[in-house]
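Asker: One structure, as structure tokens, below. Some questions next.
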Amino acid sequence: MNVTDANPSPGLWTLAWRRLRRDRVGMASLAVVVFYLCVVCLAAAGWIAPDWTREVGVNYAPPVFLPGDQDETAVPLQQTSAVAAPVDLYGLKDPLARVLDAIRAAHPEDQSRPAEGRRLTLILGGDKWGHDILTKVIKGSETSILVGLIAALLATALGTVMGALAGYFGRWVDDFFNWLYGVFTAIPYLLLIFAIAAVLQQKGVSTIILILGLTGWTGVFRLVRAEYLKHKSREYVLAAGAMGASHARRMFIHILPNTSHVLLVQLSLNVVGFIKSEVILSFLGFGVPVDVVSWGSMLNEAQNELILGKWWQLAAAGTAMAVLVTAFSLLTDALRDALDPKLKY
């Protein structure tokens, strides 16, 4: 048989895909992650959950699966109002009567909030304003996942560039980046995030992405630096230098593709960590503003609802986050095993 007839050996990514396909847990986790990403894309395009602020149910509408609840059109809520109802003041004149009459005359549409079309029950229940929790979970997943993905990409890019410079050039460049790495890792991670968020005093999705991306590069830096220290003295890099390749070409064209498996695994780990960090920040009030919903803001609302026994918003947001984080973690383990060159196919 001629040499040209022989099948070439498959590359690393081909072997990795074959190994991943044989891992049932890994493929199931990949399917869950892809499903969440599709939901995020549809929500960002406005095709699903475009009006999460719409009051479609009564206040604290329970889920449809609770016993005794029926899915039907709600009647107007019986809300007592000190403004609308006559109050016995024992012959005294209300000092605010004139002001309240002027407000009611200026806003007649607010005198009664009709509840026609508002439902007594919703699929996953409603919050205190009557918002559909299912819609909030979908819209909140868009915010939390986008924050995790973009912040992870930013942190991975920063860590890759810093690690490549430190590992390839060494000497004072390596000393400088190692000093910077030591400064960032000397402070507990969550305390560092809270400190930067408190200093900025500006809520928003872009602010959270910058905070997480600028503080989460340390893990990527450490791994990439080790890979560049290992690869810079190998034959293919020395041969590229002897052929006149520049330092930038050797760093990012020759060495970087051989470290891509490390970057992919670390990127997946960062996504999980940053999603949880965004939830913590929003839960504590440092995250998204009031006009944006995320899993963290839903958990922040749910802590007050638990006092009244309304648990469905906490269950919905917590379950959605737990499923995604678990799937991402299992997918990361499967990717680590699939990309390990020491494992036999």
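For the structure tokens, the naming scheme is as follows: chains receive sequential letters (A, B, ...) according to their order of presentation, residues are indexed from 1 within each chain, and ligands are indexed from 1 in presentation order.
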Taking the DSSP secondary structure from the backbone, can you list the residues of region 185-269 of chain A that are alpha helix (DSSP H), as number ranges by chain?
Answerer: A: 185-186, 189-200, 205-215, 218-231, 235-242, 247-249, 260-269
Asker: When you look at Leu223 (chain A) with a cut-off of 12 Å (counting only C-alpha atoms), what residues show up, excluding the ones that are within fewer than 5 positions of it in the same chain? I need them as a short mmCIF file (atom, residue, chain, number, x, y, z; two decimals) with N, CA and C atoms, in the first residue's frame.
Answerer:
```cif
data_model
loop_
_atom_site.label_atom_id
_atom_site.label_comp_id
_atom_site.auth_asym_id
_atom_site.auth_seq_id
_atom_site.Cartn_x
_atom_site.Cartn_y
_atom_site.Cartn_z
N THR A 156 -10.78 36.10 29.36
CA THR A 156 -9.93 35.15 28.66
C THR A 156 -8.97 35.86 27.72
N GLY A 159 -6.28 37.60 29.94
CA GLY A 159 -5.38 36.60 30.51
C GLY A 159 -4.49 35.95 29.47
N THR A 160 -5.02 35.76 28.26
CA THR A 160 -4.22 35.16 27.19
C THR A 160 -3.08 36.08 26.77
N VAL A 161 -3.40 37.36 26.56
CA VAL A 161 -2.36 38.31 26.13
C VAL A 161 -1.30 38.47 27.21
N MET A 162 -1.72 38.63 28.45
CA MET A 162 -0.75 38.80 29.54
C MET A 162 0.07 37.54 29.74
N GLY A 163 -0.58 36.39 29.72
CA GLY A 163 0.16 35.14 29.90
C GLY A 163 1.11 34.86 28.76
N ALA A 164 0.71 35.21 27.53
CA ALA A 164 1.60 35.02 26.38
C ALA A 164 2.83 35.91 26.48
N ALA A 166 4.14 37.23 29.24
CA ALA A 166 4.96 36.83 30.38
C ALA A 166 5.71 35.54 30.10
N GLY A 167 5.03 34.55 29.52
CA GLY A 167 5.68 33.27 29.29
C GLY A 167 6.67 33.27 28.14
N TRP A 217 -9.23 37.60 35.10
CA TRP A 217 -8.25 37.10 34.14
C TRP A 217 -7.14 36.28 34.78
N THR A 218 -7.08 36.21 36.10
CA THR A 218 -5.91 35.63 36.78
C THR A 218 -5.75 34.14 36.50
N TYR A 228 3.06 28.75 27.54
CA TYR A 228 4.05 29.44 26.72
C TYR A 228 5.46 29.15 27.20
N LEU A 229 5.65 29.00 28.49
CA LEU A 229 6.97 28.60 28.99
C LEU A 229 7.37 27.22 28.46
N LYS A 230 6.39 26.36 28.27
CA LYS A 230 6.66 25.01 27.79
C LYS A 230 6.89 24.97 26.29
N THR A 259 -2.43 25.91 22.51
CA THR A 259 -2.95 26.12 23.86
C THR A 259 -4.45 26.37 23.86
N SER A 260 -5.09 26.20 22.71
CA SER A 260 -6.51 26.52 22.59
C SER A 260 -7.38 25.60 23.44
N HIS A 261 -6.95 24.35 23.65
CA HIS A 261 -7.75 23.45 24.48
C HIS A 261 -7.78 23.93 25.93
N VAL A 262 -6.69 24.49 26.40
CA VAL A 262 -6.67 25.06 27.76
C VAL A 262 -7.58 26.27 27.85
N LEU A 263 -7.55 27.11 26.82
CA LEU A 263 -8.38 28.30 26.82
C LEU A 263 -9.87 27.94 26.78
N LEU A 264 -10.23 26.92 26.02
CA LEU A 264 -11.63 26.54 25.91
C LEU A 264 -12.17 26.05 27.25
N VAL A 265 -11.40 25.23 27.93
CA VAL A 265 -11.84 24.73 29.24
C VAL A 265 -11.92 25.87 30.25
N GLN A 266 -10.93 26.74 30.26
CA GLN A 266 -10.95 27.87 31.19
C GLN A 266 -12.07 28.85 30.88
N LEU A 267 -12.38 29.03 29.60
CA LEU A 267 -13.50 29.89 29.22
C LEU A 267 -14.81 29.34 29.77
#
```
Asker: Choose the residue, out of A:Leu191, A:Ala102, A:Leu149, A:Arg225, that has the smallest atom-to-atom separation from Gly170 (chain A); count only C-alpha atoms.
Answerer: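 Among the listed residues, the smallest separation from Gly170 (chain A) belongs to A:Arg225.
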Asker: Between A:Gln202, A:Ser29, A:Ser329, A:Thr319, single out the one closest to Leu269 (chain A), counting only C-alpha atoms.
Answerer: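 Nearest to Leu269 (chain A): A:Ser329.
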Asker: Hey, which of A:Pro289, A:Asp127, A:Val137, A:Ala106 ends up closest to Ala49 (chain A)? Count only C-alpha atoms.
Answerer: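 Once distances to Ala49 (chain A) are computed over only C-alpha atoms, the minimum belongs to A:Val137.
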